[in-house]
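First comes the structure, then the notes that go with it.
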Amino acid sequence: MSTLPIHDVLDELVLALSHSPQVILQAPPGAGKSTWLPIQLLQRLPLNGKIIMLEPRRLAAKNVAFRLAHYLGEPPGETVGYRMRAEQCIGKTTRLEVVTEGVLTRRLQQDPMLEDISLVIIDEFHERSLQADLALAFMLDIQQGLRDDLKLLIMSATLDNRRLGEVLTQAPTITSEGRHFPVQRFYHGISSQGVFSVNLANKILEVLRHEQGDMLVFLPGEREIHQVISEVAARCPAGVELRPLYGALSIEQQQQAITISATGQRKVVFATNIAETSLTIEGISLIIDSVLERVSLFDLRAGAHRLKTQYISQSSMTQRAGRAGRLMPGKCWHLITTEQAERLAEQAPPEILRSDLTGLLLNVLAWGCQHVTALQWLDEPSQPALAYARAQLRQLAAIDATGALTPKGRKMAELGVAPRLAAMLIASDSINNSESTAAMLTAIIEQPERRGEGDLRDNLAAPSAGWNTRARQVCRKLGVSFTPSHPDKVLPLLLTAFADRIAYRRGATHRYQLADGRGATLGLDHPLTRYTWLIAVQLQLPADRHEAHIQLAFPFSLDDIRREAPQLITHRHALEWDESQAQFKVWQHDVIGEIIVSSRPGEKPNPEQLIAAYLVWIKDKGLAALPWDKSALELRERLGFAQQWLPELGWPSVTDTDLMDNLEGWLGPELAHLPSLGNFSRINLYEALKAQLSWEQWKCLETEVPTHITVPTGRKVAIDYLSPRAPLLSIKVQEMYGQQRPLTLARGRINVVIELLSPAQRPIQITQDLAGFWQGSWREVQKEMKGRYPKHLWPDDPANTLPTTRTRKSST
């Protein structure tokens, strides 16, 4: 073990941890940072407490714990143990715990002092998972306010040092060169013709024929893994074992993929990016990299995650290639051209910038921070995502109107599950004998079946062994014994957490409306489409659509709602536009969220309700639905120009966005004067806009951005503010004789654009510089106009000629 590359920097690392609260270790795969270093730190650092090491994945955590225990000649549970959801192996003598991300977050919440912990190691930090970022934020807060003796070691194969350096300004960075078994990297774009799985299988079989050793194939997801395995299996030579490796497999199935192949056998492992780091897959010397991954992106508008298949980053390509050189020289084929590879992003965006932040916000509030910005983040969570998270927590009664955590919210945070599921588990206490049912629902929703029909009733009727294990663990957390589920408790439990996911079928189709106003669909021939009402427990956005797909649902009837949760049906007055009668009509709706259950004619509303309905309708239809006449449009344009040219007077904004945002303020008084329901033609938009101005502003507008301007003949001529060339003055050229200076507006700041017209009212010149025109191109215009209009005056010196509105003949 002393030959591991990490051994060369061990002394430097121990010294850094002795003097610095935070240390960064950058070491490539195979250096020994996960499977050897923690034992050395345990033995060489003067630690009074334990070491906790965070691993991002369950398989990696268990595998690392077994490797570390094996190094000591012990079984897991003695010096080295592990904790993960639904499983742990910890003893009284355990001094090094390998834990998964959610476990560490719950530990920090329950014991922020970490009194029995001396060192926390965050491994594979380059993956930038949401929980790793949260754990780092909590750890930095603990070090600053509670434990200045607590040590933090951040380990990764590749790091974004710029971001880390901005937050961990005093942390030394130690770099291990690693073991550099040479890896030849080849770049070959895969053909876009034909089926992806067939083309990839052809490449795999070609490499197997010409190369020796075991192979690791990187694919974006489970579906592609099984497709390619099927293609390869049909043509695979004897003695080659094909193994899948992805997160949804059981630990036992994943373990089979990473163990060394039997003597005389070859192995091909088909994996997602779960195999990029942490795991050592014995015997691998050949890599086929599809250069693809499937990532989850949370869509705030749809309220659901979208799985997107995309190219990986350059750092991930390096990680994948490195798997071929962990134990011996190897080769890697990237299925992309060199030019394409060079254009890939250097690092993948962190999960905190593309995820639902409801759970993160709940954890931060439970930590004692009123605002997320109170903690240090490598990447600040976005405000729209936090606003969505606050709305979700408010709906679940986890926070109050001020955004503060409620007693229920604190209990939810203590359970360590997703906020919706936590709310359901807490509600089970008040629904008799329903804790076990809630625990089983939690287990199923956390890890839903991938290939079933998506009917929650089928899952409850035949729960898997994994679901039973998880449900028992949740029951222990609740302090109750596990018993079989009660079907009659399912609906009331789901309604406590998924009321906004009540779905109503739109006619005899596969499309549903959700109570939160969004849309969702089932497959065209899905068995659940025969039900009018569903609770959509799991939603996912297809890659090319804006409506979510219902993946897991529970059917019920409207009578069930009336019996189990009548409070969800509320009454709402509504004013709806009747196109045939060109007016609003009053309705009384019974609704579940945005779903209309029943309707009946309502009584005439009071003026406040009427105005509110008008405003809602206008916001829906847009400003174009209002009766804009020429005077109102012109006034709006003048106000826009005044704001631009004379900003010192503080004009009201008349942009579409600001008018819509302040609709009640500027239009409300006019709406109150309407004589009948929705007779919008009677709205005086000119007066509504004018009413927003002070006396000083109106006087300035009339003087400096006037509707008319005096021309040399003494006549007042309208200025066109609606023209793209505004402010535009269109006038016969004879009326401008003698004018040399520009005509100006806005206290002389803006020159009027003058469109000089022929006697036939056709443009002959557009200018803001009359003096220049008279001295320049006038001669050519004069020559042409004399021939065409001989009765009109076309002087040689128009700059010094009196203007006229008459022809020459009539003036003699």
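Simple scheme: letters A, B, ... for chains in structure tokens order, numbers from 1 for residues in each chain, numbers from 1 for ligands in the order shown.
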Leaving out Lys331 in chain A and any residue of its chain fewer than 5 positions from it, which residues lie within 12 Å of it when counting only C-alpha atoms, given as a PyMOL selection string?
chain A and resi 181-187+207-208+210-216+284-289+320-326
Using N, CA and C atoms, can you write the selected residues to a file as a short mmCIF file (atom, residue, chain, number, x, y, z; two decimals), in the first residue's frame?
data_model
loop_
_atom_site.label_atom_id
_atom_site.label_comp_id
_atom_site.auth_asym_id
_atom_site.auth_seq_id
_atom_site.Cartn_x
_atom_site.Cartn_y
_atom_site.Cartn_z
N PHE A 181 -0.69 5.13 -15.22
CA PHE A 181 -0.63 4.11 -16.26
C PHE A 181 -1.10 4.75 -17.55
N PRO A 182 -0.36 4.59 -18.60
CA PRO A 182 -0.73 5.29 -19.85
C PRO A 182 -2.06 4.80 -20.40
N VAL A 183 -2.86 5.74 -20.86
CA VAL A 183 -4.13 5.42 -21.51
C VAL A 183 -4.13 6.09 -22.88
N GLN A 184 -4.24 5.28 -23.91
CA GLN A 184 -4.37 5.83 -25.27
C GLN A 184 -5.82 6.25 -25.48
N ARG A 185 -5.99 7.47 -25.94
CA ARG A 185 -7.35 7.98 -26.15
C ARG A 185 -7.58 8.21 -27.64
N PHE A 186 -8.69 7.64 -28.12
CA PHE A 186 -9.06 7.76 -29.52
C PHE A 186 -10.40 8.49 -29.63
N TYR A 187 -10.54 9.27 -30.68
CA TYR A 187 -11.77 10.05 -30.89
C TYR A 187 -12.40 9.64 -32.21
N VAL A 207 -13.97 -3.80 -30.83
CA VAL A 207 -12.87 -3.66 -29.86
C VAL A 207 -12.62 -4.98 -29.14
N LEU A 208 -13.66 -5.72 -28.80
CA LEU A 208 -13.49 -7.01 -28.13
C LEU A 208 -12.71 -7.99 -29.01
N HIS A 210 -10.38 -7.23 -31.24
CA HIS A 210 -9.00 -6.82 -31.51
C HIS A 210 -8.18 -6.51 -30.26
N GLU A 211 -8.84 -6.41 -29.08
CA GLU A 211 -8.13 -6.03 -27.87
C GLU A 211 -8.35 -7.08 -26.78
N GLN A 212 -7.44 -7.09 -25.80
CA GLN A 212 -7.55 -7.98 -24.66
C GLN A 212 -7.98 -7.18 -23.42
N GLY A 213 -8.56 -7.88 -22.45
CA GLY A 213 -8.93 -7.24 -21.19
C GLY A 213 -10.42 -7.00 -21.05
N ASP A 214 -10.80 -6.60 -19.84
CA ASP A 214 -12.20 -6.30 -19.56
C ASP A 214 -12.53 -4.87 -20.00
N MET A 215 -13.80 -4.64 -20.21
CA MET A 215 -14.24 -3.38 -20.82
C MET A 215 -15.31 -2.71 -19.95
N LEU A 216 -15.24 -1.40 -19.94
CA LEU A 216 -16.27 -0.58 -19.29
C LEU A 216 -16.86 0.34 -20.35
N ILE A 284 -10.42 -3.70 -15.51
CA ILE A 284 -10.80 -2.86 -16.64
C ILE A 284 -9.57 -2.22 -17.29
N SER A 285 -9.42 -2.43 -18.59
CA SER A 285 -8.35 -1.76 -19.33
C SER A 285 -8.86 -1.15 -20.63
N LEU A 286 -10.15 -1.35 -20.95
CA LEU A 286 -10.75 -0.83 -22.17
C LEU A 286 -11.98 0.00 -21.82
N ILE A 287 -12.05 1.19 -22.40
CA ILE A 287 -13.20 2.07 -22.16
C ILE A 287 -13.84 2.43 -23.50
N ILE A 288 -15.16 2.29 -23.57
CA ILE A 288 -15.93 2.85 -24.67
C ILE A 288 -16.82 3.93 -24.06
N ASP A 289 -16.57 5.16 -24.47
CA ASP A 289 -17.25 6.30 -23.87
C ASP A 289 -18.24 6.91 -24.87
N ARG A 320 -13.52 9.46 -17.20
CA ARG A 320 -13.89 8.18 -17.81
C ARG A 320 -12.69 7.49 -18.44
N ALA A 321 -11.88 8.25 -19.16
CA ALA A 321 -10.68 7.65 -19.76
C ALA A 321 -9.76 7.08 -18.70
N GLY A 322 -9.66 7.78 -17.57
CA GLY A 322 -8.77 7.33 -16.50
C GLY A 322 -9.13 5.99 -15.91
N ARG A 323 -10.37 5.56 -16.07
CA ARG A 323 -10.76 4.24 -15.53
C ARG A 323 -9.99 3.11 -16.20
N ALA A 324 -9.53 3.35 -17.45
CA ALA A 324 -8.78 2.30 -18.15
C ALA A 324 -7.37 2.15 -17.62
N GLY A 325 -6.88 3.16 -16.89
CA GLY A 325 -5.51 3.12 -16.42
C GLY A 325 -5.37 3.03 -14.92
N ARG A 326 -6.42 2.59 -14.23
CA ARG A 326 -6.35 2.49 -12.76
C ARG A 326 -5.36 1.44 -12.31
#
Expected answer as number ranges by chain: alpha helix (DSSP H) residues in range 18-134 of chain A
A: 18-19, 37-44, 58-71, 101-110, 130-134
Contact residues around range 689-704 of chain A with only C-alpha atoms at 8 Å, ignoring same-chain residues under 2 positions, as an MDAnalysis selection string
chainID A and resid 632 635:636 638:639 642 649 651:652 666 685:687 706:707 745:747
Residues of range 316-359 of chain A classed as strand (DSSP E) by DSSP on the backbone are to be reported as a list in words.
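Reading the DSSP output for range 316-359 of chain A, strand (DSSP E) covers Gly330, Lys331, Cys332, Trp333 and His334 of chain A.
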A:Ser580, A:Ser118, A:Ser777, A:Ser382: which is nearest Arg147 in chain A, counting only C-alpha atoms?
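Selected residue with least distance to Arg147 in chain A: A:Ser118.
Candidate residues A:Gln109, A:Thr94, A:Ser261, A:Gln144 were compared for distance to Gln376 in chain A, and the nearest is A:Gln144, using only C-alpha atoms.
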Expressed in Å, the length from CA of Ile251 in chain A to CA of Lys62 in chain A is 8.7 Å
Residue neighbourhood Arg107 in chain A, 12 Å, only C-alpha atoms, exclusion window fewer than 2 positions, as a PyMOL selection string:
chain A and resi 52+54+83-84+97+99-105+109-117+120+135+138-139+363+367+413-416
Can you list, as number ranges by chain, every protein, DNA or RNA residue that comes within 8 Å of His708 in chain A when you count only C-alpha atoms, leaving out same-chain residues fewer than 5 positions away?
A: 716-719
Any chance you could export the current selection's N, CA and C atoms as a PDB file, in the first residue's frame?
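In the end it all went to out-v3.pdb:
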ATOM      1  N   LYS A 716     -49.801  75.560 -37.299  1.00  0.00           N
ATOM      2  CA  LYS A 716     -49.444  74.491 -36.373  1.00  0.00           C
ATOM      3  C   LYS A 716     -49.709  73.146 -37.048  1.00  0.00           C
ATOM      4  N   VAL A 717     -48.674  72.330 -37.106  1.00  0.00           N
ATOM      5  CA  VAL A 717     -48.748  71.045 -37.803  1.00  0.00           C
ATOM      6  C   VAL A 717     -48.483  69.918 -36.798  1.00  0.00           C
ATOM      7  N   ALA A 718     -49.248  68.821 -36.935  1.00  0.00           N
ATOM      8  CA  ALA A 718     -49.123  67.687 -36.005  1.00  0.00           C
ATOM      9  C   ALA A 718     -47.773  66.986 -36.170  1.00  0.00           C
ATOM     10  N   ILE A 719     -47.223  66.583 -35.044  1.00  0.00           N
ATOM     11  CA  ILE A 719     -46.011  65.748 -35.029  1.00  0.00           C
ATOM     12  C   ILE A 719     -46.455  64.289 -34.928  1.00  0.00           C
TER      13      ILE A 719
END
From the set A:Ser313, A:Ser758, A:Gln340, A:Ser430, which residue has the shortest atom-to-atom contact distance to Pro790 in chain A, counting only C-alpha atoms?
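Going through A:Ser313, A:Ser758, A:Gln340, A:Ser430 one by one, the smallest distance to Pro790 in chain A is for A:Ser758.
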Name the residues in contact with range 554-567 of chain A at a cut-off of 12 Å, using only C-alpha atoms, excluding same-chain residues fewer than 6 positions from it; report them as an MDAnalysis selection string.
chainID A and resid 431 441 445 453:460 487:496 498:499 501:505 527:538 590:593 595:598
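Minimum distance to Pro759 in chain A across A:Thr805, A:Ser176, A:Gln551, A:Gln740 (counting only C-alpha atoms) occurs at A:Thr805.
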Find the spatial neighbours of range 722-734 of chain A, counting only C-alpha atoms, within a cut-off of 7 Å - ignore same-chain residues fewer than 2 positions away - and output them as a compact mmCIF listing (two decimals) with C-alpha atoms, in the first residue's frame.
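Written out: around.txt:
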# COMPACT_ATOMS: atom_id res chain seq x y z
CA GLU A 634 -50.00 58.99 -29.19
CA GLU A 637 -45.64 57.35 -27.11
CA ALA A 718 -49.12 67.69 -36.00
CA ILE A 719 -46.01 65.75 -35.03
CA ASP A 720 -46.22 62.02 -35.74
CA MET A 736 -40.36 75.29 -44.82
CA TYR A 737 -38.68 77.90 -47.04
CA VAL A 752 -37.56 66.90 -35.20
CA VAL A 753 -37.25 64.65 -38.25
CA ILE A 754 -38.73 66.61 -41.18
CA GLU A 755 -40.28 64.76 -44.08
CA LEU A 756 -40.48 67.29 -46.93
CA LEU A 757 -43.33 66.57 -49.33
CA SER A 758 -44.01 67.35 -52.97
CA PRO A 759 -47.26 69.07 -54.01
CA GLN A 761 -47.82 64.77 -50.79
CA PRO A 803 -42.50 80.23 -46.96
CA THR A 804 -45.88 79.85 -48.62
CA THR A 805 -48.92 77.63 -48.67
Would you mind reading off the distance between CA of Pro712 in chain A and CA of Trp794 in chain A, one decimal, in Å?
16.5 Å
